[in-house]
file upload.cif (mmCIF, C-alpha atoms and all ligand atoms)
data_model
loop_
_atom_site.label_atom_id
_atom_site.label_comp_id
_atom_site.auth_asym_id
_atom_site.auth_seq_id
_atom_site.Cartn_x
_atom_site.Cartn_y
_atom_site.Cartn_z
CA MET O 135 0.00 0.00 0.00
CA ARG O 136 1.23 3.50 -0.84
CA GLU O 137 0.23 6.21 1.61
CA LEU O 138 0.45 9.98 1.58
CA THR O 139 -1.00 12.72 3.73
CA VAL O 140 -3.01 15.83 3.11
CA ASN O 141 -1.43 18.12 5.70
CA LEU O 142 -4.08 20.29 7.31
CA GLY O 143 -3.01 20.40 10.95
CA ASP O 144 -5.43 18.54 13.18
CA ARG O 145 -7.63 17.84 10.14
CA SER O 146 -4.82 16.06 8.25
CA TYR O 147 -5.81 12.76 6.67
CA PRO O 148 -4.22 9.85 4.84
CA ILE O 149 -4.74 8.75 1.26
CA CYS O 150 -4.19 4.98 1.12
CA ILE O 151 -3.65 3.57 -2.38
CA GLY O 152 -3.31 -0.13 -3.07
CA GLN O 153 -4.98 -3.42 -3.92
CA GLY O 154 -7.31 -5.28 -1.53
CA LEU O 155 -8.02 -2.24 0.65
CA ILE O 156 -11.81 -2.65 0.71
CA ARG O 157 -11.29 -5.96 2.53
CA ARG O 158 -9.29 -4.03 5.16
CA ALA O 159 -11.82 -1.20 5.51
CA GLY O 160 -12.84 -2.05 9.10
CA GLU O 161 -9.26 -1.94 10.33
CA LEU O 162 -8.48 1.29 8.43
CA PHE O 163 -11.67 2.99 9.69
CA ALA O 164 -10.83 1.99 13.26
CA GLU O 165 -7.32 3.45 12.88
CA LYS O 166 -9.00 6.78 12.11
CA ALA O 167 -11.17 6.40 15.22
CA ILE O 168 -14.41 6.27 13.23
CA SER O 169 -16.95 5.38 15.92
CA ARG O 170 -18.47 1.90 15.98
CA LYS O 171 -21.20 3.14 18.31
CA SER O 172 -22.90 5.32 15.66
CA PRO O 173 -24.29 3.99 12.38
CA LEU O 174 -22.55 4.68 9.07
CA LEU O 175 -24.27 5.38 5.76
CA ILE O 176 -22.61 4.09 2.61
CA VAL O 177 -23.69 6.12 -0.42
CA THR O 178 -22.96 4.61 -3.80
CA ASP O 179 -24.38 4.43 -7.33
CA GLU O 180 -26.11 1.55 -9.04
CA ASN O 181 -23.07 0.48 -11.13
CA VAL O 182 -20.68 0.44 -8.19
CA ALA O 183 -23.26 -1.14 -5.88
CA ASP O 184 -23.46 -4.28 -8.03
CA ARG O 185 -19.83 -5.08 -7.42
CA TRP O 186 -18.46 -3.27 -4.38
CA LEU O 187 -21.25 -2.33 -1.97
CA GLU O 188 -21.62 -5.68 -0.24
CA PRO O 189 -17.84 -6.35 0.02
CA LEU O 190 -17.38 -2.94 1.67
CA ALA O 191 -20.40 -3.30 3.95
CA ALA O 192 -19.33 -6.83 4.91
CA ALA O 193 -15.77 -5.70 5.73
CA LEU O 194 -17.14 -2.91 7.95
CA GLU O 195 -19.75 -5.12 9.61
CA ALA O 196 -17.12 -7.78 10.34
CA SER O 197 -15.29 -5.09 12.33
CA GLY O 198 -18.36 -4.16 14.34
CA TYR O 199 -19.74 -1.24 12.30
CA ALA O 200 -23.43 -0.89 11.44
CA ALA O 201 -23.59 0.21 7.79
CA ALA O 202 -26.80 1.42 6.15
CA ARG O 203 -26.81 1.64 2.34
CA PHE O 204 -28.15 4.24 -0.08
CA ILE O 205 -27.91 3.72 -3.85
CA VAL O 206 -28.35 6.61 -6.33
CA PRO O 207 -28.74 6.37 -10.11
CA ALA O 208 -25.39 6.50 -11.93
CA GLY O 209 -24.42 9.74 -13.63
CA GLU O 210 -24.00 13.47 -13.16
CA LYS O 211 -27.77 14.01 -12.82
CA SER O 212 -27.53 12.54 -9.31
CA LYS O 213 -25.50 15.60 -8.26
CA SER O 214 -28.74 17.50 -7.66
CA LEU O 215 -30.52 19.17 -4.77
CA ASP O 216 -33.30 16.56 -5.04
CA MET O 217 -30.83 13.72 -4.63
CA PHE O 218 -29.09 15.59 -1.82
CA GLN O 219 -32.41 15.68 0.03
CA ASN O 220 -32.84 11.94 -0.57
CA VAL O 221 -29.42 11.28 0.98
CA ILE O 222 -30.39 13.38 4.01
CA THR O 223 -33.61 11.37 4.29
CA ALA O 224 -31.53 8.18 4.24
CA CYS O 225 -29.32 9.61 7.01
CA LEU O 226 -32.39 10.29 9.17
CA GLU O 227 -33.96 6.91 8.46
CA ALA O 228 -30.71 5.13 9.35
CA GLY O 229 -30.46 7.09 12.59
CA LEU O 230 -27.14 8.80 11.86
CA ASP O 231 -26.02 11.02 14.73
CA ARG O 232 -23.26 13.59 15.23
CA LYS O 233 -20.60 10.88 15.63
CA SER O 234 -21.66 9.00 12.48
CA ALA O 235 -19.81 9.07 9.19
CA ILE O 236 -21.02 9.03 5.59
CA VAL O 237 -18.98 6.79 3.31
CA ALA O 238 -18.81 7.74 -0.37
CA LEU O 239 -18.23 4.59 -2.44
CA GLY O 240 -17.93 5.57 -6.10
CA GLY O 241 -16.68 8.14 -8.54
CA GLY O 242 -16.70 11.90 -8.32
CA VAL O 243 -20.50 12.14 -8.54
CA VAL O 244 -21.06 10.03 -5.43
CA GLY O 245 -18.10 11.66 -3.65
CA ASP O 246 -19.34 15.20 -4.29
CA LEU O 247 -22.98 14.37 -3.42
CA ALA O 248 -22.26 12.30 -0.30
CA GLY O 249 -19.63 14.80 0.80
CA TYR O 250 -22.08 17.67 0.55
CA ALA O 251 -24.59 15.65 2.57
CA ALA O 252 -21.86 15.02 5.20
CA ALA O 253 -21.05 18.75 5.25
CA SER O 254 -24.71 19.62 5.84
CA TYR O 255 -26.28 16.87 7.95
CA MET O 256 -26.43 18.12 11.55
CA ARG O 257 -24.16 20.98 10.34
CA GLY O 258 -21.41 18.55 9.42
CA ILE O 259 -20.50 14.96 10.26
CA ARG O 260 -17.49 12.81 9.40
CA PHE O 261 -16.89 11.54 5.92
CA VAL O 262 -14.77 8.84 4.25
CA GLN O 263 -13.98 8.66 0.55
CA VAL O 264 -13.71 5.25 -1.13
CA PRO O 265 -13.06 6.30 -4.74
CA THR O 266 -13.74 3.79 -7.53
CA THR O 267 -12.85 5.78 -10.66
CA ILE O 268 -9.53 7.11 -11.91
CA LEU O 269 -11.03 10.57 -12.00
CA ALA O 270 -11.79 10.32 -8.31
CA HIS O 271 -8.07 10.41 -7.45
CA ASP O 272 -8.77 14.12 -7.88
CA SER O 273 -12.31 14.51 -6.57
CA SER O 274 -11.86 12.42 -3.42
CA VAL O 275 -8.97 14.57 -2.18
CA GLY O 276 -9.23 18.17 -1.04
CA GLY O 277 -12.69 18.50 0.46
CA LYS O 278 -14.57 20.30 -2.31
CA VAL O 279 -18.09 18.86 -2.19
CA ALA O 280 -21.06 20.07 -4.18
CA VAL O 281 -24.19 19.50 -6.19
CA ASN O 282 -25.14 21.18 -9.45
CA HIS O 283 -27.77 23.79 -10.31
CA PRO O 284 -29.34 23.48 -13.77
CA LEU O 285 -27.60 26.74 -14.71
CA ALA O 286 -24.17 26.07 -13.22
CA LYS O 287 -22.05 23.16 -12.11
CA ASN O 288 -20.92 22.71 -8.48
CA ILE O 289 -22.50 26.04 -7.53
CA ILE O 290 -24.10 24.68 -4.33
CA GLY O 291 -21.33 23.30 -2.15
CA ALA O 292 -18.90 23.47 0.72
CA PHE O 293 -15.37 22.67 1.80
CA HIS O 294 -15.55 19.54 3.94
CA GLN O 295 -12.50 17.35 4.23
CA PRO O 296 -12.75 13.57 4.49
CA GLU O 297 -11.18 11.68 7.41
CA LEU O 298 -9.64 9.09 5.12
CA VAL O 299 -9.33 8.33 1.42
CA LEU O 300 -9.27 4.59 0.85
CA TYR O 301 -8.36 3.94 -2.79
CA ASP O 302 -8.60 0.27 -3.71
CA LEU O 303 -7.05 -0.18 -7.17
CA ASP O 304 -8.97 -3.45 -7.67
CA THR O 305 -12.17 -1.45 -8.10
CA LEU O 306 -10.79 0.26 -11.21
CA LEU O 307 -10.57 -2.96 -13.22
CA THR O 308 -14.27 -2.85 -14.10
CA LEU O 309 -14.21 0.70 -15.45
CA PRO O 310 -15.46 1.08 -19.03
CA PRO O 311 -12.72 2.34 -21.42
CA ARG O 312 -14.37 5.74 -21.78
CA GLU O 313 -14.23 6.27 -18.00
CA VAL O 314 -10.57 5.23 -17.96
CA SER O 315 -9.68 7.94 -20.49
CA SER O 316 -11.92 10.48 -18.78
CA GLY O 317 -10.17 9.89 -15.44
CA LEU O 318 -6.74 10.19 -17.00
CA ALA O 319 -7.58 13.78 -18.01
CA GLU O 320 -7.15 14.86 -14.38
CA VAL O 321 -3.92 12.84 -14.13
CA VAL O 322 -2.58 14.74 -17.17
CA LYS O 323 -3.79 17.96 -15.54
CA HIS O 324 -1.73 17.27 -12.43
CA GLY O 325 1.35 16.90 -14.63
CA LEU O 326 0.60 19.99 -16.69
CA ILE O 327 0.30 22.22 -13.62
CA ARG O 328 3.28 20.95 -11.62
CA ASP O 329 5.55 18.39 -13.28
CA ALA O 330 6.69 18.34 -16.93
CA GLY O 331 8.56 15.04 -16.38
CA PHE O 332 5.33 13.39 -15.25
CA VAL O 333 3.61 14.52 -18.47
CA GLU O 334 6.32 12.77 -20.53
CA TRP O 335 6.01 9.70 -18.29
CA ILE O 336 2.26 9.58 -19.00
CA VAL O 337 2.84 9.74 -22.76
CA GLY O 338 5.45 6.97 -22.45
CA HIS O 339 3.16 4.74 -20.38
CA ALA O 340 -0.17 5.55 -22.05
CA GLY O 341 -0.71 1.97 -23.26
CA GLN O 342 -0.16 0.50 -19.80
CA LEU O 343 -2.37 3.15 -18.21
CA LEU O 344 -5.20 2.41 -20.63
CA ALA O 345 -4.72 -1.31 -19.94
CA LEU O 346 -5.00 -0.58 -16.18
CA GLU O 347 -1.69 -2.25 -15.31
CA PRO O 348 -1.73 -2.02 -11.49
CA ASP O 349 1.88 -0.88 -10.90
CA VAL O 350 1.79 1.79 -13.59
CA LEU O 351 -1.69 2.95 -12.63
CA GLY O 352 -0.79 2.96 -8.93
CA HIS O 353 2.22 5.15 -9.66
CA ALA O 354 0.15 7.56 -11.79
CA LEU O 355 -2.52 7.89 -9.11
CA TYR O 356 0.07 8.34 -6.38
CA LYS O 357 1.73 11.13 -8.39
CA GLY O 358 -1.62 12.77 -9.19
CA CYS O 359 -2.76 12.58 -5.56
CA SER O 360 0.63 13.95 -4.43
CA VAL O 361 0.21 17.06 -6.56
CA LYS O 362 -3.33 17.55 -5.33
CA ALA O 363 -2.40 16.95 -1.68
CA GLU O 364 0.51 19.38 -1.86
CA VAL O 365 -1.60 22.15 -3.39
CA VAL O 366 -4.54 21.62 -1.01
CA SER O 367 -2.22 21.50 2.01
CA ARG O 368 -0.90 24.94 1.05
CA ASP O 369 -4.22 26.57 0.15
CA GLU O 370 -7.23 24.61 1.37
CA ARG O 371 -9.85 27.30 0.69
CA GLU O 372 -8.63 28.46 -2.73
CA ASN O 373 -7.47 31.87 -1.64
CA GLY O 374 -4.82 31.71 -4.35
CA LEU O 375 -2.66 28.74 -5.32
CA ARG O 376 -5.43 26.11 -5.30
CA ALA O 377 -7.01 27.79 -8.32
CA ILE O 378 -4.31 26.16 -10.47
CA LEU O 379 -6.21 22.88 -10.02
CA ASN O 380 -8.89 24.46 -12.20
CA LEU O 381 -6.78 24.24 -15.36
CA GLY O 382 -9.23 23.64 -18.22
CA HIS O 383 -12.24 23.88 -15.91
CA THR O 384 -13.63 27.29 -16.91
CA ILE O 385 -14.30 26.11 -20.45
CA GLY O 386 -14.84 22.50 -19.34
CA HIS O 387 -17.58 23.27 -16.82
CA ALA O 388 -19.33 25.49 -19.37
CA LEU O 389 -19.32 22.64 -21.90
CA GLU O 390 -20.80 20.27 -19.32
CA ALA O 391 -23.55 22.76 -18.45
CA VAL O 392 -24.38 23.36 -22.14
CA ALA O 393 -24.42 19.63 -22.83
CA GLY O 394 -26.92 19.16 -19.99
CA TYR O 395 -24.39 17.20 -17.90
CA ASP O 396 -24.72 13.96 -19.82
CA GLU O 397 -23.13 14.22 -23.28
CA LEU O 398 -19.52 14.72 -22.23
CA ARG O 399 -17.78 12.87 -19.43
CA HIS O 400 -16.20 15.30 -16.95
CA GLY O 401 -12.66 14.42 -18.03
CA GLU O 402 -13.58 14.84 -21.71
CA ALA O 403 -14.89 18.34 -21.07
CA ILE O 404 -11.77 19.20 -19.06
CA SER O 405 -9.58 17.79 -21.83
CA ILE O 406 -11.13 20.16 -24.38
CA GLY O 407 -10.88 22.94 -21.79
CA MET O 408 -7.16 22.25 -21.26
CA ILE O 409 -6.57 22.55 -25.02
CA GLY O 410 -8.38 25.91 -24.86
CA SER O 411 -6.18 26.98 -21.94
CA ALA O 412 -3.06 25.92 -23.84
CA MET O 413 -4.20 28.00 -26.85
CA LEU O 414 -4.77 30.93 -24.54
CA GLY O 415 -1.33 30.42 -23.00
CA VAL O 416 0.31 30.53 -26.42
CA GLU O 417 -1.68 33.66 -27.33
CA LEU O 418 -0.34 35.25 -24.15
CA GLY O 419 3.28 34.38 -24.91
CA ALA O 420 3.94 30.76 -23.88
CA PRO O 421 5.97 28.63 -26.33
CA LEU O 422 4.00 26.60 -28.88
CA GLU O 423 5.41 23.48 -27.19
CA VAL O 424 2.87 24.03 -24.40
CA TYR O 425 0.00 23.51 -26.81
CA GLU O 426 1.71 20.66 -28.67
CA THR O 427 2.59 18.72 -25.50
CA THR O 428 -0.86 19.26 -23.99
CA LYS O 429 -2.44 17.89 -27.14
CA ARG O 430 -0.02 14.95 -27.42
CA ALA O 431 -0.56 13.93 -23.80
CA LEU O 432 -4.35 14.11 -23.98
CA GLU O 433 -4.52 12.27 -27.30
CA SER O 434 -2.16 9.57 -26.00
CA VAL O 435 -4.77 8.53 -23.43
CA GLY O 436 -7.68 8.69 -25.88
CA LEU O 437 -9.19 12.05 -24.96
CA PRO O 438 -10.98 14.51 -27.25
CA VAL O 439 -9.09 17.70 -28.09
CA ALA O 440 -11.70 19.47 -30.26
CA LEU O 441 -15.13 20.86 -29.51
CA PRO O 442 -17.97 19.22 -31.45
CA GLU O 443 -19.39 21.70 -34.01
CA HIS O 444 -22.91 21.65 -32.57
CA TYR O 445 -21.87 23.47 -29.38
CA ASP O 446 -23.28 26.97 -29.66
CA THR O 447 -20.58 29.54 -28.86
CA ASP O 448 -23.08 31.98 -27.31
CA ALA O 449 -24.40 29.25 -25.02
CA VAL O 450 -20.88 28.28 -23.96
CA MET O 451 -20.01 31.93 -23.24
CA GLU O 452 -23.26 32.37 -21.30
CA ALA O 453 -22.50 29.27 -19.20
CA MET O 454 -19.03 30.65 -18.44
CA MET O 455 -20.63 33.82 -17.04
CA HIS O 456 -22.20 31.69 -14.26
CA ASP O 457 -18.87 30.13 -13.39
CA LYS O 458 -17.39 30.84 -9.98
CA LYS O 459 -14.22 32.02 -11.73
CA PHE O 460 -16.04 34.89 -13.49
CA GLY O 461 -16.26 38.31 -11.93
CA GLU O 462 -16.73 41.97 -12.83
CA GLY O 463 -17.14 41.41 -16.56
CA ARG O 464 -13.79 39.72 -17.09
CA MET O 465 -12.62 36.20 -16.64
CA THR O 466 -9.97 34.45 -14.62
CA PHE O 467 -8.15 31.65 -16.38
CA ILE O 468 -5.44 29.23 -15.38
CA VAL O 469 -2.93 29.64 -18.17
CA PRO O 470 0.16 27.53 -18.85
CA THR O 471 3.42 29.43 -19.19
CA ALA O 472 5.55 26.31 -19.83
CA VAL O 473 4.90 22.58 -19.66
CA GLY O 474 4.47 21.83 -15.94
CA THR O 475 3.90 25.45 -14.93
CA VAL O 476 0.75 27.55 -14.93
CA GLU O 477 -0.25 30.95 -13.68
CA ILE O 478 -3.51 32.54 -12.61
CA ARG O 479 -4.41 35.28 -15.11
CA ASN O 480 -7.15 37.73 -14.17
CA GLY O 481 -8.88 40.13 -16.49
CA ILE O 482 -8.95 37.98 -19.63
CA GLU O 483 -11.31 39.66 -22.07
CA ALA O 484 -14.42 37.75 -23.05
CA GLY O 485 -13.66 38.40 -26.75
CA MET O 486 -10.40 36.51 -26.51
CA VAL O 487 -12.15 33.56 -24.86
CA ARG O 488 -14.87 33.58 -27.52
CA ALA O 489 -12.21 33.33 -30.23
CA ILE O 490 -10.69 30.33 -28.44
CA VAL O 491 -14.08 28.57 -28.21
CA GLU O 492 -14.55 29.09 -31.97
CA ARG O 493 -11.04 27.85 -32.61
CA LEU O 494 -11.67 24.70 -30.58
CA LYS O 495 -14.28 23.74 -33.15
CA ARG O 496 -11.67 23.74 -35.89
CA GLU O 497 -8.92 22.43 -33.67
CA GLU O 498 -7.06 20.34 -36.23
CA ARG O 499 -6.25 23.46 -38.26
CA TRP O 500 -4.92 25.43 -35.29
CA THR O 501 -1.21 26.27 -35.02
P1 LIG K 1 -18.98 9.26 -11.96
O1 LIG K 1 -18.96 9.25 -10.50
O2 LIG K 1 -20.26 9.55 -12.66
O3 LIG K 1 -18.42 7.86 -12.47
C1 LIG K 1 -18.35 7.63 -13.86
C2 LIG K 1 -19.14 6.37 -14.26
O4 LIG K 1 -18.38 5.23 -13.88
C3 LIG K 1 -20.50 6.22 -13.61
O5 LIG K 1 -21.40 5.67 -14.55
C4 LIG K 1 -20.25 5.22 -12.50
O6 LIG K 1 -21.39 4.48 -12.16
C5 LIG K 1 -19.21 4.35 -13.12
N1 LIG K 1 -18.31 3.68 -12.19
C6 LIG K 1 -17.74 4.20 -11.08
N2 LIG K 1 -16.88 3.34 -10.56
C7 LIG K 1 -16.90 2.24 -11.35
C8 LIG K 1 -16.20 1.02 -11.33
N3 LIG K 1 -15.26 0.79 -10.43
N4 LIG K 1 -16.47 0.12 -12.29
C9 LIG K 1 -17.40 0.39 -13.24
N5 LIG K 1 -18.07 1.54 -13.33
C10 LIG K 1 -17.82 2.46 -12.38
O7 LIG K 1 -17.94 10.31 -12.55
P2 LIG K 1 -16.39 10.61 -12.28
O8 LIG K 1 -15.82 10.77 -13.64
O9 LIG K 1 -15.77 9.67 -11.34
O10 LIG K 1 -16.46 12.02 -11.53
C11 LIG K 1 -16.94 13.16 -12.18
C12 LIG K 1 -17.46 14.12 -11.15
O11 LIG K 1 -16.40 14.49 -10.27
C13 LIG K 1 -18.00 15.40 -11.74
O12 LIG K 1 -19.23 15.70 -11.17
C14 LIG K 1 -16.98 16.44 -11.34
O13 LIG K 1 -17.52 17.72 -11.20
C15 LIG K 1 -16.48 15.89 -10.03
N6 LIG K 1 -15.16 16.37 -9.62
C16 LIG K 1 -15.03 16.86 -8.37
C17 LIG K 1 -13.80 17.31 -7.93
C18 LIG K 1 -13.65 17.80 -6.52
O14 LIG K 1 -12.58 18.30 -6.17
N7 LIG K 1 -14.64 17.63 -5.68
C19 LIG K 1 -12.68 17.24 -8.78
C20 LIG K 1 -12.85 16.71 -10.04
C21 LIG K 1 -14.10 16.28 -10.46
N1 LIG K 2 -10.82 20.30 -8.78
C1 LIG K 2 -10.37 21.56 -8.28
C2 LIG K 2 -10.06 21.58 -6.82
O1 LIG K 2 -10.18 20.59 -6.13
O2 LIG K 2 -9.68 22.59 -6.30
#
call {"tool": "encode", "arguments": {"input": "upload.cif", "output": "structure tokens"}}
result
Amino acid sequence: MRELTVNLGDRSYPICIGQGLIRRAGELFAEKAISRKSPLLIVTDENVADRWLEPLAAALEASGYAAARFIVPAGEKSKSLDMFQNVITACLEAGLDRKSAIVALGGGVVGDLAGYAAASYMRGIRFVQVPTTILAHDSSVGGKVAVNHPLAKNIIGAFHQPELVLYDLDTLLTLPPREVSSGLAEVVKHGLIRDAGFVEWIVGHAGQLLALEPDVLGHALYKGCSVKAEVVSRDERENGLRAILNLGHTIGHALEAVAGYDELRHGEAISIGMIGSAMLGVELGAPLEVYETTKRALESVGLPVALPEHYDTDAVMEAMMHDKKFGEGRMTFIVPTAVGTVEIRNGIEAGMVRAIVERLKREERWT
């Protein structure tokens, strides 16, 4: 098992990455002093439930925990206020109290939804992340929890750190290929913002990553989590540095909102967004290599790098206006300055962003 820590003083917590960890859940929960006297609620989605809900519940019950279950439909649409209320109802019906914990078993959708419920129920109870997608190496770490509004993604949320991230690599073996690529978008992102050598490593190991080879995947997730943990440890509440984790997200979130949250996978939207950010970076003076390497890395793991023609530019711009990174008529973007380095640029004019969105639709001709 590989282990690293998100350093947040007395709220620090471990990220445990390895095979067979769900079987050891009871022991690992007990090490974090999760109470056996108060019931837990495991929140998961229907795809994950089929394979991993009972093994996790059984491991916890064998260690003396009482674990209620709540299963949501798979997909981004479950990150809604309605579903949030259903999770709260499940907490009440299962008798969760102030010492209870909610356990998020699943990808980023379940993690964000269950985490927001944990942040809100009785004004905040404990929370454990058991991520089951590659993408969730990002979403399970750092304590951003949220649900969506029809007009804007993640606009209803909180910061609420988990007690423990228990990342069992065995769960990833059942991921559909599209989810594997989608999750690797955030792995590439962690390289692009902090570590040029890691970006080259990803390109060199793309085949093994797509084939889910445990050692290679474990290393990639450890590196990705390390970048995230380091950034969150230094700026938990996004007063500055943490914004770099939003590379590609201003455009990406807008695409997800325009698509109605179901056409593009999150990582696919962020992939297109990171190409847009690389274009913007080059426009603002970064070497062309930034764009070329971003594109090569994303394509190597099977991600889209162009915006489908049918996306209406006005609608994408309108969606960006609702983004949390928009203020006072201008936009804030995370812009690469070199491979492995980004900066936060305020005051980007909407006209420049509009030109990038248009250019993304004819991506193959862009140089
Ligand atoms: P997801 O949770 O919808 O999972 C993707 C799909 O894979 C779903 O259909 C799910 O049922 C299925 N699945 C999950 N685990 C599986 C497994 N082991 N085997 C087979 N199928 C499995 O989506 P995601 O891509 O994991 O996460 C995307 C969400 O994460 C978005 O809502 C995004 O906004 C959020 N996010 C949050 C943060 C954060 O910091 N909180 C960061 C990045 C992304
Ligand atoms: N995904 C952006 C963040 O966690 O800050």
call {"tool": "closest_residue", "arguments": {"input": "upload.cif", "among": "O:Thr447, O:Ser367, O:Ser316, O:Ser273", "to": "ligand LIG 2 (chain K)", "atoms": "all atoms listed in the file"}}
result
O:Ser273
call {"tool": "residues_near_ligand", "arguments": {"input": "upload.cif", "ligand": "ligand LIG 2 (chain K)", "cutoff": "6 Å", "atoms": "all atoms listed in the file", "output": "MDAnalysis selection string"}}
result
chainID O and resid 276 278 376 379:380
call {"tool": "axis_aligned_box", "arguments": {"input": "upload.cif", "around": "ligand LIG 1 (chain K)", "padding_each_side": "8 Å", "output": "AutoDock Vina command-line options"}}
result
--center_x -17.0 --center_y 9.2 --center_z -10.1 --size_x 24.8 --size_y 34.2 --size_z 24.9
call {"tool": "closest_residue", "arguments": {"input": "upload.cif", "among": "O:Leu422, O:Val279, O:Ile149, O:Val299", "to": "O:Val264", "atoms": "all atoms listed in the file"}}
result
O:Val299
call {"tool": "closest_residue", "arguments": {"input": "upload.cif", "among": "O:Glu210, O:Glu497, O:Glu347, O:Glu492", "to": "ligand LIG 1 (chain K)", "atoms": "all atoms listed in the file"}}
result
O:Glu210
call {"tool": "closest_residue", "arguments": {"input": "upload.cif", "among": "O:Thr466, O:Ser434, O:Asn282, O:Thr384", "to": "O:Met454", "atoms": "all atoms listed in the file"}}
result
O:Thr384
call {"tool": "atom_distance", "arguments": {"input": "upload.cif", "atom1": "atom CA of O:Ala235", "atom2": "atom CA of O:Leu355"}}
result
25.2 Å
call {"tool": "closest_residue", "arguments": {"input": "upload.cif", "among": "O:Gln153, O:Ser169, O:Asn220, O:Thr266", "to": "ligand LIG 1 (chain K)", "atoms": "only C-alpha atoms and all ligand atoms"}}
result
O:Thr266
call {"tool": "residues_around", "arguments": {"input": "upload.cif", "residues": "stretch 482-490 of chain O", "least_positions_apart": "3", "cutoff": "6 Å", "atoms": "only C-alpha atoms", "output": "list in words"}}
result
Arg464, Met465 and Arg493 of chain O
call {"tool": "residues_near_point", "arguments": {"input": "upload.cif", "point": "(-26.6, 16.5, -3.0)", "cutoff": "8 Å", "atoms": "all atoms listed in the file", "output": "compact mmCIF listing (two decimals) with C-alpha atoms, in the coordinates of the input"}}
result
# COMPACT_ATOMS: atom_id res chain seq x y z
CA SER O 212 -27.53 12.54 -9.31
CA LYS O 213 -25.50 15.60 -8.26
CA SER O 214 -28.74 17.50 -7.66
CA LEU O 215 -30.52 19.17 -4.77
CA ASP O 216 -33.30 16.56 -5.04
CA MET O 217 -30.83 13.72 -4.63
CA PHE O 218 -29.09 15.59 -1.82
CA GLN O 219 -32.41 15.68 0.03
CA VAL O 221 -29.42 11.28 0.98
CA ASP O 246 -19.34 15.20 -4.29
CA LEU O 247 -22.98 14.37 -3.42
CA ALA O 248 -22.26 12.30 -0.30
CA TYR O 250 -22.08 17.67 0.55
CA ALA O 251 -24.59 15.65 2.57
CA ALA O 280 -21.06 20.07 -4.18
CA VAL O 281 -24.19 19.50 -6.19
call {"tool": "residues_near_point", "arguments": {"input": "upload.cif", "point": "(-10.5, 4.1, 3.8)", "cutoff": "8 Å", "atoms": "all atoms listed in the file", "output": "list in words"}}
result
Ile149, Cys150, Leu155, Ile156, Ala159, Leu162, Phe163, Val262, Gln263, Val264, Leu298, Val299, Leu300 and Tyr301 of chain O
call {"tool": "atom_distance", "arguments": {"input": "upload.cif", "atom1": "atom CA of O:Glu161", "atom2": "atom CA of O:Leu230"}}
result
20.9 Å
